[in-house]
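Here the structure is laid out as structure tokens; the discussion comes afterwards.
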Amino acid sequence: MASEIHMPGPVCLIENTKEQLVINPEALKILSAIKQPLVVVAIVGLYRTGKSYLLNKLAGKKKGFSLGSTVQSHTKGIWMWCVPHPKKPTHTLVLLDTEGLGDVEKGDNQNDSWIFALAILLSSTFVYNSMGTINQQAMDQLHYVTELTDRIRSNSSPDASEVEDSAAFMSFFPDFVWTLRDFSLELEADGQPISADQYLENSLKLKQGSSQKDKNFNLPRLCIRKFFPKKKCFIFDRPTHRKKLGQLETLHDDELDPEFLQQAAAFCSYIFNHSKTKTLSGGIEVNGPRLQSLVLTYVSAISSGDLPCMENAVLALAQIENSAAVKKAIAHYDQQMGQKLQLPTDTLQELLDLHRASEKEAIEVFLKNSFKDVDYLFQKELAAELEKKRDDFCKQNMKASSDHCSALLKDIFSPLEEAVKQGIYSKPGGYHLFIQKTQELKNKYLQEPRKGVQAEEILQMYLMSKESVTDAILQTDQNLTEKEKEIEVQRVKAESAEAAAKMVEEMQVKNQKMMEQKEKSHQEHMKQLSKKMELESTQLKAEQEKILALKLEEQARLLNEGFKNESRQLHNEIQNLKKNMARPKRLCTIS
């Protein structure tokens, strides 16, 4: 599959033009064709900080994303490059390059905030690229992170407390990677060498105090600590002499700083080996069509003045995929029945057994391809469709049996009918000869294989249609006394009544079997749905426990740093999360 992706270079995914965000249909078409799970890496940062160079390295190319060599910001909007994942052949690597934040040409930084928010919503790894060290200026430039609660919603109808609850954000936010370019400090603390990750952790420590300046210092740090589940830091030396920076695309590796090359290789290796697959809540892996749907939903919300909402995006995606899952399940059912069913079946049970086996597989197909089926609406639609198809097959089976039996009776009884027309039985003793021949032909009919479910009914209908002929032969037979004729009339009536009673009984048995099949279908839906819900519940619990562990770790760190108010706020979030985890499971019911 990976070999099918052929993008010689990036294309614009979301264009930022005239203060409007416009989606590029060409980019959506590319996404729609990628059926593999995606690892989505987005990079943001101030313009002219070398973001595009890093993405080109990840793509394994010298050229691709525009580097530019002037102070003018090159990338307007979000650009996308889908390439085969170098370490995961079953995955596609999607690289997103954002236009430079803080572009003086734009003036209005409203666009910057939305680009920043979209990069977070669409990615599984979020790279923040800045120049120099992590100082207050670098933090101030990252003010977009403090605005995220005003830009993004996790639920369509949040609780009053949820705006301040970061657990919901942490459940779908990407991993955070901070890349520091032209880094010139020695990595040490208290005279001891430290790692880049420790440097980041130290830089995210809060400052005691309640002044506005202290709050401004702490807010972006708190947001990064609370929102992002995993944090990583990479430092880079200056790649070459300042005058040559504009020629990075054309410079050979031996013209670049060896230390820089090692650092770039370490960064790429980390992304290739540790960047996770983009997933939605419940462990749903995002492929090309799913990312396409997320882009459409988020940009549509922003364009209409709403906040992009994760829950709404997932539900919009679920509507599309669940509808497709119903079609896929029905197609599978039709294929199975088409291959295995030969009409007419000998018995109703044979047809119902085939239906049940195909239905079971169809439900499996639906549940495998569906998610977030609110109130089980799509599964109910599938159940109704399968029931309708079962009833249609029953009707087809009856018609096929009726047609076959009628043709068979015509073939078997036509010589007898011809003999009656010629008056062969209109003679003394003719009645008994006629009855004897009729019984003989009945037995021949009954011995024919695969007549189907209508065999008895069609036979009785045929015999009833010939009652007047039988009676005429009886009445003209001069060998029989009036008394014998009366007895024979009563015998024929009794035989006819017995056949009618048998047909009623058969109809009752058929109705009973249909009722039992309906119940079995319901039980099959419930059984498979319960199994899926149990699996989803286990996945959700694992996600919640992971978030809880991170929250408890952060709470302990805040307490250790002496920030009781912040720790208390986090404690409330932890209690809310525990309350959600303790909620009883949703009942599994399809009616």
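If you're wondering about the labels, chains in the structure tokens are A, B, ... by order shown, residues count from 1 in each chain, ligands from 1 in order shown.
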Original post:
as number ranges by chain, which residues of range 166-215 of chain A does DSSP assign to helix (DSSP H, G or I)?
Top reply: A: 167-170, 196-203, 212-215
Residue neighbourhood range 196-210 of chain A, 7 Å, only C-alpha atoms, exclusion window fewer than 2 positions, as an mmCIF file with N, CA, C and O atoms, in the first residue's frame:
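Done, and the output landed in part_22.cif:
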```cif
data_model
loop_
_atom_site.group_PDB
_atom_site.id
_atom_site.type_symbol
_atom_site.label_atom_id
_atom_site.label_comp_id
_atom_site.auth_asym_id
_atom_site.auth_seq_id
_atom_site.Cartn_x
_atom_site.Cartn_y
_atom_site.Cartn_z
ATOM 1 N N ILE A 134 15.008 28.298 25.763
ATOM 2 C CA ILE A 134 13.638 28.459 26.287
ATOM 3 C C ILE A 134 13.698 29.551 27.350
ATOM 4 O O ILE A 134 13.979 29.306 28.526
ATOM 5 N N ILE A 194 22.937 17.898 31.923
ATOM 6 C CA ILE A 194 21.547 17.422 31.880
ATOM 7 C C ILE A 194 21.165 17.140 30.426
ATOM 8 O O ILE A 194 21.808 17.620 29.499
ATOM 9 N N GLN A 212 0.504 39.769 38.268
ATOM 10 C CA GLN A 212 0.134 39.496 36.876
ATOM 11 C C GLN A 212 1.326 38.965 36.093
ATOM 12 O O GLN A 212 1.196 38.074 35.254
ATOM 13 N N ASP A 214 3.743 37.175 37.308
ATOM 14 C CA ASP A 214 3.923 35.769 37.700
ATOM 15 C C ASP A 214 2.903 34.884 36.982
ATOM 16 O O ASP A 214 3.228 33.787 36.528
ATOM 17 N N LYS A 215 1.673 35.373 36.891
ATOM 18 C CA LYS A 215 0.617 34.599 36.213
ATOM 19 C C LYS A 215 0.955 34.417 34.735
ATOM 20 O O LYS A 215 0.771 33.339 34.170
ATOM 21 N N ASN A 218 3.598 31.811 34.436
ATOM 22 C CA ASN A 218 3.190 30.428 34.739
ATOM 23 C C ASN A 218 2.184 29.833 33.748
ATOM 24 O O ASN A 218 2.179 28.629 33.511
ATOM 25 N N ARG A 221 3.328 27.644 30.769
ATOM 26 C CA ARG A 221 3.998 26.461 31.323
ATOM 27 C C ARG A 221 2.975 25.471 31.878
ATOM 28 O O ARG A 221 3.069 24.252 31.650
ATOM 29 N N LYS A 232 8.872 16.128 24.800
ATOM 30 C CA LYS A 232 10.230 15.776 24.373
ATOM 31 C C LYS A 232 10.911 17.037 23.870
ATOM 32 O O LYS A 232 10.248 17.953 23.365
ATOM 33 N N CYS A 233 12.257 17.086 23.993
ATOM 34 C CA CYS A 233 12.981 18.280 23.548
ATOM 35 C C CYS A 233 14.229 17.876 22.752
ATOM 36 O O CYS A 233 14.898 16.894 23.082
ATOM 37 N N PHE A 234 14.499 18.614 21.672
ATOM 38 C CA PHE A 234 15.703 18.425 20.877
ATOM 39 C C PHE A 234 16.382 19.784 20.687
ATOM 40 O O PHE A 234 15.706 20.797 20.459
ATOM 41 N N ILE A 235 17.713 19.785 20.797
ATOM 42 C CA ILE A 235 18.454 21.026 20.540
ATOM 43 C C ILE A 235 19.260 20.853 19.256
ATOM 44 O O ILE A 235 19.691 19.753 18.906
#
```
**OP:** Can you check which residues of range 113-361 of chain A DSSP gives as strand (DSSP E or B) on the backbone and send them as a PyMOL selection string?
**Re:** chain A and resi 125-131+153+175-181+188-189+192-193+231-235+279-280+284-285+287+309
Contacts of range 302-317 of chain A at 9 Å (only C-alpha atoms; same-chain gap of 3+ positions) as a tab-separated table (two decimals) with all heavy atoms, in the first residue's frame:
```tsv
chain	number	residue	atom	x	y	z
A	20	GLN	N	-9.33	34.11	5.41
A	20	GLN	CA	-10.24	32.96	5.34
A	20	GLN	C	-9.43	31.67	5.23
A	20	GLN	O	-8.38	31.64	4.59
A	20	GLN	CB	-11.16	33.07	4.12
A	20	GLN	CG	-12.20	34.18	4.22
A	20	GLN	CD	-13.27	33.89	5.26
A	20	GLN	OE1	-13.81	32.80	5.33
A	20	GLN	NE2	-13.56	34.89	6.07
A	21	LEU	N	-9.93	30.59	5.84
A	21	LEU	CA	-9.30	29.28	5.69
A	21	LEU	C	-10.07	28.52	4.62
A	21	LEU	O	-11.27	28.31	4.75
A	21	LEU	CB	-9.33	28.53	7.02
A	21	LEU	CG	-8.58	29.20	8.19
A	21	LEU	CD1	-8.75	28.37	9.47
A	21	LEU	CD2	-7.11	29.36	7.87
A	22	VAL	N	-9.37	28.12	3.56
A	22	VAL	CA	-10.01	27.44	2.43
A	22	VAL	C	-9.33	26.09	2.21
A	22	VAL	O	-8.10	26.01	2.11
A	22	VAL	CB	-9.93	28.28	1.14
A	22	VAL	CG1	-10.61	27.57	-0.01
A	22	VAL	CG2	-10.53	29.67	1.37
A	114	TRP	N	-5.76	30.03	14.88
A	114	TRP	CA	-6.50	28.91	14.27
A	114	TRP	C	-5.54	27.89	13.65
A	114	TRP	O	-5.78	26.68	13.73
A	114	TRP	CB	-7.47	29.44	13.20
A	114	TRP	CG	-8.70	30.08	13.77
A	114	TRP	CD1	-9.19	31.32	13.48
A	114	TRP	CD2	-9.59	29.52	14.74
A	114	TRP	NE1	-10.33	31.57	14.20
A	114	TRP	CE2	-10.60	30.47	14.99
A	114	TRP	CE3	-9.64	28.31	15.44
A	114	TRP	CZ2	-11.64	30.26	15.88
A	114	TRP	CZ3	-10.67	28.09	16.34
A	114	TRP	CH2	-11.66	29.06	16.55
A	117	ALA	N	-4.23	25.86	16.46
A	117	ALA	CA	-5.26	24.94	16.95
A	117	ALA	C	-5.46	23.77	15.99
A	117	ALA	O	-5.57	22.60	16.42
A	117	ALA	CB	-6.58	25.67	17.17
A	118	LEU	N	-5.51	24.06	14.69
A	118	LEU	CA	-5.70	23.00	13.69
A	118	LEU	C	-4.52	22.03	13.68
A	118	LEU	O	-4.70	20.81	13.53
A	118	LEU	CB	-5.89	23.60	12.29
A	118	LEU	CG	-7.27	24.20	12.02
A	118	LEU	CD1	-7.26	25.03	10.74
A	118	LEU	CD2	-8.33	23.10	11.93
A	121	LEU	N	-5.12	19.71	16.51
A	121	LEU	CA	-6.26	18.82	16.29
A	121	LEU	C	-5.97	17.72	15.27
A	121	LEU	O	-6.51	16.62	15.36
A	121	LEU	CB	-7.48	19.63	15.83
A	121	LEU	CG	-8.17	20.47	16.91
A	121	LEU	CD1	-9.11	21.47	16.27
A	121	LEU	CD2	-8.91	19.58	17.90
A	150	ASP	N	-10.03	28.48	24.56
A	150	ASP	CA	-10.97	29.39	23.90
A	150	ASP	C	-11.15	29.03	22.42
A	150	ASP	O	-11.98	29.61	21.73
A	150	ASP	CB	-10.46	30.84	23.98
A	150	ASP	CG	-10.32	31.31	25.42
A	150	ASP	OD1	-11.16	30.90	26.25
A	150	ASP	OD2	-9.36	32.06	25.72
A	151	ARG	N	-10.34	28.09	21.94
A	151	ARG	CA	-10.34	27.75	20.51
A	151	ARG	C	-10.90	26.35	20.23
A	151	ARG	O	-11.34	26.08	19.11
A	151	ARG	CB	-8.90	27.80	19.96
A	151	ARG	CG	-8.25	29.16	20.04
A	151	ARG	CD	-8.76	30.05	18.94
A	151	ARG	NE	-8.36	31.46	19.13
A	151	ARG	CZ	-8.80	32.45	18.42
A	151	ARG	NH1	-9.66	32.24	17.46
A	151	ARG	NH2	-8.41	33.68	18.66
A	152	ILE	N	-10.78	25.47	21.21
A	152	ILE	CA	-11.13	24.06	20.98
A	152	ILE	C	-12.06	23.58	22.09
A	152	ILE	O	-11.89	23.92	23.25
A	152	ILE	CB	-9.85	23.17	20.99
A	152	ILE	CG1	-8.90	23.58	19.87
A	152	ILE	CG2	-10.21	21.70	20.85
A	152	ILE	CD1	-7.54	22.89	19.94
A	153	ARG	N	-13.04	22.78	21.69
A	153	ARG	CA	-13.89	22.11	22.68
A	153	ARG	C	-13.72	20.60	22.52
A	153	ARG	O	-13.58	20.10	21.41
A	153	ARG	CB	-15.36	22.48	22.48
A	153	ARG	CG	-15.72	23.86	22.99
A	153	ARG	CD	-17.20	24.08	22.91
A	153	ARG	NE	-17.67	23.99	21.53
A	153	ARG	CZ	-18.96	23.88	21.19
A	153	ARG	NH1	-19.88	23.81	22.13
A	153	ARG	NH2	-19.32	23.82	19.93
A	154	SER	N	-13.78	19.89	23.64
A	154	SER	CA	-13.71	18.43	23.55
A	154	SER	C	-15.11	17.84	23.39
A	154	SER	O	-15.31	16.89	22.65
A	154	SER	CB	-13.03	17.84	24.79
A	154	SER	OG	-13.76	18.21	25.95
A	155	ASN	N	-16.09	18.45	24.07
A	155	ASN	CA	-17.47	17.96	24.00
A	155	ASN	C	-18.39	19.02	23.41
A	155	ASN	O	-18.15	20.22	23.55
A	155	ASN	CB	-17.99	17.58	25.39
A	155	ASN	CG	-17.23	16.41	25.97
A	155	ASN	OD1	-16.76	15.55	25.23
A	155	ASN	ND2	-17.06	16.41	27.28
A	156	SER	N	-19.49	18.57	22.79
A	156	SER	CA	-20.42	19.52	22.17
A	156	SER	C	-21.22	20.28	23.21
A	156	SER	O	-21.64	21.40	23.00
A	156	SER	CB	-21.36	18.78	21.23
A	156	SER	OG	-22.00	17.73	21.90
A	172	PHE	N	-7.01	13.61	23.79
A	172	PHE	CA	-6.88	13.60	22.33
A	172	PHE	C	-5.76	14.53	21.81
A	172	PHE	O	-5.55	14.63	20.61
A	172	PHE	CB	-8.20	13.97	21.64
A	172	PHE	CG	-8.70	15.37	21.89
A	172	PHE	CD1	-8.26	16.42	21.11
A	172	PHE	CD2	-9.64	15.62	22.88
A	172	PHE	CE1	-8.73	17.71	21.31
A	172	PHE	CE2	-10.11	16.91	23.10
A	172	PHE	CZ	-9.65	17.96	22.31
A	280	LEU	N	-8.41	8.46	17.47
A	280	LEU	CA	-9.51	9.17	18.12
A	280	LEU	C	-9.87	8.43	19.39
A	280	LEU	O	-9.41	7.31	19.61
A	280	LEU	CB	-10.71	9.24	17.17
A	280	LEU	CG	-10.44	9.86	15.80
A	280	LEU	CD1	-11.65	9.72	14.90
A	280	LEU	CD2	-10.03	11.32	15.93
A	281	SER	N	-10.71	9.02	20.23
A	281	SER	CA	-11.06	8.37	21.49
A	281	SER	C	-11.65	7.00	21.22
A	281	SER	O	-12.43	6.80	20.29
A	281	SER	CB	-12.08	9.23	22.27
A	281	SER	OG	-13.24	9.41	21.49
A	290	ARG	N	-10.51	9.39	7.01
A	290	ARG	CA	-10.89	9.92	8.33
A	290	ARG	C	-10.24	11.28	8.58
A	290	ARG	O	-10.89	12.19	9.12
A	290	ARG	CB	-10.52	8.92	9.42
A	290	ARG	CG	-11.43	7.71	9.44
A	290	ARG	CD	-11.00	6.65	10.44
A	290	ARG	NE	-11.96	5.54	10.45
A	290	ARG	CZ	-11.80	4.40	11.09
A	290	ARG	NH1	-10.69	4.18	11.77
A	290	ARG	NH2	-12.72	3.46	11.04
A	293	SER	N	-12.14	13.83	6.68
A	293	SER	CA	-13.39	14.22	7.36
A	293	SER	C	-13.11	15.19	8.50
A	293	SER	O	-13.85	16.16	8.70
A	293	SER	CB	-14.10	12.96	7.89
A	293	SER	OG	-15.24	13.31	8.62
A	294	LEU	N	-12.03	14.96	9.26
A	294	LEU	CA	-11.69	15.85	10.37
A	294	LEU	C	-11.37	17.25	9.85
A	294	LEU	O	-11.82	18.25	10.42
A	294	LEU	CB	-10.48	15.30	11.15
A	294	LEU	CG	-10.70	13.99	11.93
A	294	LEU	CD1	-9.40	13.55	12.60
A	294	LEU	CD2	-11.79	14.14	12.97
A	295	VAL	N	-10.59	17.32	8.77
A	295	VAL	CA	-10.24	18.62	8.18
A	295	VAL	C	-11.51	19.38	7.79
A	295	VAL	O	-11.68	20.56	8.13
A	295	VAL	CB	-9.32	18.43	6.94
A	295	VAL	CG1	-9.16	19.76	6.19
A	295	VAL	CG2	-7.96	17.90	7.35
A	296	LEU	N	-12.41	18.68	7.09
A	296	LEU	CA	-13.65	19.32	6.64
A	296	LEU	C	-14.49	19.83	7.82
A	296	LEU	O	-15.00	20.95	7.80
A	296	LEU	CB	-14.48	18.33	5.81
A	296	LEU	CG	-13.97	18.05	4.39
A	296	LEU	CD1	-14.64	16.81	3.82
A	296	LEU	CD2	-14.23	19.25	3.49
A	297	THR	N	-14.62	18.99	8.85
A	297	THR	CA	-15.45	19.36	10.01
A	297	THR	C	-14.87	20.54	10.77
A	297	THR	O	-15.58	21.48	11.12
A	297	THR	CB	-15.61	18.15	10.96
A	297	THR	OG1	-16.10	17.04	10.21
A	297	THR	CG2	-16.59	18.45	12.08
A	298	TYR	N	-13.55	20.49	11.04
A	298	TYR	CA	-12.92	21.56	11.82
A	298	TYR	C	-12.94	22.89	11.08
A	298	TYR	O	-13.30	23.93	11.66
A	298	TYR	CB	-11.47	21.19	12.17
A	298	TYR	CG	-11.33	20.05	13.15
A	298	TYR	CD1	-10.32	19.10	13.01
A	298	TYR	CD2	-12.21	19.90	14.21
A	298	TYR	CE1	-10.18	18.05	13.91
A	298	TYR	CE2	-12.09	18.86	15.11
A	298	TYR	CZ	-11.07	17.93	14.96
A	298	TYR	OH	-10.93	16.90	15.84
A	299	VAL	N	-12.55	22.88	9.81
A	299	VAL	CA	-12.49	24.14	9.06
A	299	VAL	C	-13.89	24.71	8.84
A	299	VAL	O	-14.10	25.92	8.90
A	299	VAL	CB	-11.75	23.94	7.71
A	299	VAL	CG1	-11.82	25.21	6.86
A	299	VAL	CG2	-10.29	23.56	7.96
A	320	ILE	N	-20.64	9.11	8.65
A	320	ILE	CA	-20.19	8.70	7.32
A	320	ILE	C	-19.81	7.23	7.33
A	320	ILE	O	-20.24	6.43	6.49
A	320	ILE	CB	-18.98	9.56	6.87
A	320	ILE	CG1	-19.39	11.03	6.74
A	320	ILE	CG2	-18.40	9.04	5.57
A	320	ILE	CD1	-18.21	11.99	6.64
A	321	GLU	N	-18.99	6.85	8.31
A	321	GLU	CA	-18.44	5.49	8.32
A	321	GLU	C	-19.47	4.44	8.72
A	321	GLU	O	-19.45	3.32	8.21
A	321	GLU	CB	-17.22	5.43	9.25
A	321	GLU	CG	-16.10	6.32	8.76
A	321	GLU	CD	-14.73	5.75	9.03
A	321	GLU	OE1	-14.61	4.62	9.53
A	321	GLU	OE2	-13.76	6.46	8.73
A	322	ASN	N	-20.37	4.79	9.63
A	322	ASN	CA	-21.38	3.82	10.04
A	322	ASN	C	-22.38	3.55	8.92
A	322	ASN	O	-22.85	2.42	8.76
A	322	ASN	CB	-22.11	4.31	11.30
A	322	ASN	CG	-21.19	4.33	12.52
A	322	ASN	OD1	-20.12	3.73	12.49
A	322	ASN	ND2	-21.59	5.01	13.57
A	372	LYS	N	-18.82	4.57	17.51
A	372	LYS	CA	-19.64	5.67	18.03
A	372	LYS	C	-21.05	5.66	17.44
A	372	LYS	O	-21.56	6.68	16.97
A	372	LYS	CB	-18.98	7.02	17.77
A	372	LYS	CG	-17.69	7.26	18.54
A	372	LYS	CD	-17.96	7.70	19.98
A	372	LYS	CE	-16.69	8.12	20.70
A	372	LYS	NZ	-15.77	7.05	21.01
A	373	ASP	N	-21.68	4.48	17.46
A	373	ASP	CA	-23.04	4.35	16.92
A	373	ASP	C	-24.02	4.76	18.02
A	373	ASP	O	-24.52	3.92	18.78
A	373	ASP	CB	-23.28	2.90	16.47
A	373	ASP	CG	-24.63	2.72	15.80
A	373	ASP	OD1	-25.30	3.73	15.54
A	373	ASP	OD2	-25.01	1.56	15.54
A	374	VAL	N	-24.26	6.07	18.11
A	374	VAL	CA	-25.10	6.63	19.19
A	374	VAL	C	-26.51	6.03	19.12
A	374	VAL	O	-27.15	6.04	18.07
A	374	VAL	CB	-25.15	8.17	19.09
A	374	VAL	CG1	-26.02	8.74	20.20
A	374	VAL	CG2	-23.74	8.75	19.16
```
Original post:
For Gly288 in chain A, which residue out of A:Gln544, A:Thr146, A:Gln475, A:Thr92 is the nearest one, using only C-alpha atoms?
Top reply: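 The answer is A:Thr92, which sits nearest to Gly288 in chain A.
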Within 12 Å of Gly60 in chain A, counting only C-alpha atoms, which residues show up once you throw out same-chain ones fewer than 5 positions away? Write them as a PDB file with N, CA, C and O atoms, in the first residue's frame, please.
```pdb
ATOM      1  N   PRO A   8       5.237  13.747  -5.248  1.00  0.00           N
ATOM      2  CA  PRO A   8       6.594  14.259  -5.495  1.00  0.00           C
ATOM      3  C   PRO A   8       6.940  15.454  -4.605  1.00  0.00           C
ATOM      4  O   PRO A   8       8.105  15.750  -4.372  1.00  0.00           O
ATOM      5  N   GLY A   9       5.921  16.111  -4.095  1.00  0.00           N
ATOM      6  CA  GLY A   9       6.157  17.261  -3.219  1.00  0.00           C
ATOM      7  C   GLY A   9       4.893  17.594  -2.454  1.00  0.00           C
ATOM      8  O   GLY A   9       3.843  16.987  -2.659  1.00  0.00           O
ATOM      9  N   TYR A  53      12.796  22.846   6.850  1.00  0.00           N
ATOM     10  CA  TYR A  53      13.989  22.012   6.668  1.00  0.00           C
ATOM     11  C   TYR A  53      13.825  20.694   7.422  1.00  0.00           C
ATOM     12  O   TYR A  53      14.144  19.620   6.896  1.00  0.00           O
ATOM     13  N   LEU A  54      13.323  20.761   8.649  1.00  0.00           N
ATOM     14  CA  LEU A  54      13.143  19.539   9.443  1.00  0.00           C
ATOM     15  C   LEU A  54      12.144  18.590   8.792  1.00  0.00           C
ATOM     16  O   LEU A  54      12.345  17.368   8.773  1.00  0.00           O
ATOM     17  N   LEU A  55      11.069  19.143   8.254  1.00  0.00           N
ATOM     18  CA  LEU A  55      10.066  18.290   7.604  1.00  0.00           C
ATOM     19  C   LEU A  55      10.619  17.662   6.332  1.00  0.00           C
ATOM     20  O   LEU A  55      10.324  16.500   6.021  1.00  0.00           O
ATOM     21  N   PHE A  65       9.144  21.107   1.090  1.00  0.00           N
ATOM     22  CA  PHE A  65       8.551  22.271   1.742  1.00  0.00           C
ATOM     23  C   PHE A  65       9.454  23.472   1.490  1.00  0.00           C
ATOM     24  O   PHE A  65      10.680  23.389   1.595  1.00  0.00           O
ATOM     25  N   TRP A  81       2.354  16.780   3.076  1.00  0.00           N
ATOM     26  CA  TRP A  81       3.154  15.859   2.259  1.00  0.00           C
ATOM     27  C   TRP A  81       2.978  14.464   2.847  1.00  0.00           C
ATOM     28  O   TRP A  81       3.341  14.226   3.998  1.00  0.00           O
ATOM     29  N   CYS A  82       2.381  13.570   2.067  1.00  0.00           N
ATOM     30  CA  CYS A  82       2.182  12.184   2.505  1.00  0.00           C
ATOM     31  C   CYS A  82       3.272  11.316   1.878  1.00  0.00           C
ATOM     32  O   CYS A  82       3.412  11.282   0.654  1.00  0.00           O
ATOM     33  N   VAL A  83       4.039  10.647   2.738  1.00  0.00           N
ATOM     34  CA  VAL A  83       5.138   9.807   2.242  1.00  0.00           C
ATOM     35  C   VAL A  83       5.063   8.440   2.926  1.00  0.00           C
ATOM     36  O   VAL A  83       4.489   8.308   4.014  1.00  0.00           O
ATOM     37  N   PRO A  84       5.654   7.402   2.295  1.00  0.00           N
ATOM     38  CA  PRO A  84       5.684   6.094   2.959  1.00  0.00           C
ATOM     39  C   PRO A  84       6.449   6.199   4.285  1.00  0.00           C
ATOM     40  O   PRO A  84       7.483   6.863   4.347  1.00  0.00           O
ATOM     41  N   HIS A  85       5.933   5.576   5.321  1.00  0.00           N
ATOM     42  CA  HIS A  85       6.612   5.621   6.618  1.00  0.00           C
ATOM     43  C   HIS A  85       7.878   4.761   6.531  1.00  0.00           C
ATOM     44  O   HIS A  85       7.814   3.588   6.193  1.00  0.00           O
ATOM     45  N   PRO A  86       9.049   5.342   6.840  1.00  0.00           N
ATOM     46  CA  PRO A  86      10.304   4.590   6.659  1.00  0.00           C
ATOM     47  C   PRO A  86      10.474   3.410   7.614  1.00  0.00           C
ATOM     48  O   PRO A  86      11.252   2.501   7.342  1.00  0.00           O
ATOM     49  N   LEU A  93       3.186   8.278   6.580  1.00  0.00           N
ATOM     50  CA  LEU A  93       3.640   9.442   7.352  1.00  0.00           C
ATOM     51  C   LEU A  93       3.096  10.701   6.682  1.00  0.00           C
ATOM     52  O   LEU A  93       3.363  10.950   5.501  1.00  0.00           O
ATOM     53  N   LEU A  95       3.112  14.706   6.805  1.00  0.00           N
ATOM     54  CA  LEU A  95       3.850  15.852   7.340  1.00  0.00           C
ATOM     55  C   LEU A  95       3.061  17.121   7.060  1.00  0.00           C
ATOM     56  O   LEU A  95       2.649  17.371   5.921  1.00  0.00           O
ATOM     57  N   ALA A 264      20.005  16.370  13.862  1.00  0.00           N
ATOM     58  CA  ALA A 264      18.869  16.201  12.928  1.00  0.00           C
ATOM     59  C   ALA A 264      18.546  14.716  12.771  1.00  0.00           C
ATOM     60  O   ALA A 264      17.367  14.325  12.715  1.00  0.00           O
ATOM     61  N   ALA A 265      19.600  13.874  12.712  1.00  0.00           N
ATOM     62  CA  ALA A 265      19.387  12.418  12.580  1.00  0.00           C
ATOM     63  C   ALA A 265      18.688  11.867  13.818  1.00  0.00           C
ATOM     64  O   ALA A 265      17.791  11.011  13.719  1.00  0.00           O
ATOM     65  N   CYS A 268      14.984  12.855  13.655  1.00  0.00           N
ATOM     66  CA  CYS A 268      14.249  12.036  12.676  1.00  0.00           C
ATOM     67  C   CYS A 268      14.036  10.624  13.211  1.00  0.00           C
ATOM     68  O   CYS A 268      12.944  10.054  13.077  1.00  0.00           O
ATOM     69  N   SER A 269      15.078  10.078  13.826  1.00  0.00           N
ATOM     70  CA  SER A 269      14.977   8.716  14.378  1.00  0.00           C
ATOM     71  C   SER A 269      13.880   8.646  15.436  1.00  0.00           C
ATOM     72  O   SER A 269      13.088   7.690  15.480  1.00  0.00           O
ATOM     73  N   PHE A 272      10.444   8.818  13.698  1.00  0.00           N
ATOM     74  CA  PHE A 272      10.141   7.577  12.978  1.00  0.00           C
ATOM     75  C   PHE A 272       9.792   6.430  13.939  1.00  0.00           C
ATOM     76  O   PHE A 272       8.923   5.612  13.648  1.00  0.00           O
TER      77      PHE A 272
END
```
Subject >> Closest of A:Pro10, A:Gly77, A:Gly338, A:Gly452 to Val44 in chain A - atom-to-atom distances counting only C-alpha atoms >> reply: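 Looking only at the distances to Val44 in chain A, the closest residue turns out to be A:Gly77.
Comparing A:Asn479, A:Asn580, A:Ser496, A:Gln292 by their smallest distance to Ala27 in chain A, the closest is A:Gln292 (using only C-alpha atoms).
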Original post:
Could you name the residues that touch Gln336 in chain A at 9 Å or less, counting only C-alpha atoms, but leaving out those on the same chain fewer than 3 positions away, as a ChimeraX atom specification?
Top reply: /A:331-333,339-341,354-355,357-358,361
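For the pair CA of Ser124 in chain A and CA of Asn216 in chain A, the interatomic distance is 27.9 Å.
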Original post:
Near range 368-371 of chain A, counting only C-alpha atoms, which residues have an atom at most 10 Å away, once you skip same-chain residues fewer than 4 positions from it, shown as a ChimeraX atom specification?
Top reply: /A:282,284,314-315,317-326,328-329,362-364,376,378-379,532,536
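Among the candidate residues A:Lys76, A:Arg238, A:Glu99, A:His91, the one lying nearest to Met131 in chain A is A:Arg238, with distances computed using only C-alpha atoms.
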Subject >> Selected residue, from A:Asn111, A:Gln262, A:Ser275, A:Ser171, that lies nearest to Phe126 in chain A when counting only C-alpha atoms >> reply: A:Ser275
**OP:** Find the spatial neighbours of Leu180 in chain A, counting only C-alpha atoms, within a cut-off of 7 Å - ignore same-chain residues fewer than 2 positions away - and output them as a count of residues only.
**Re:** 11
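Put simply, CA of His274 in chain A is 11.9 Å away from CA of Val40 in chain A.
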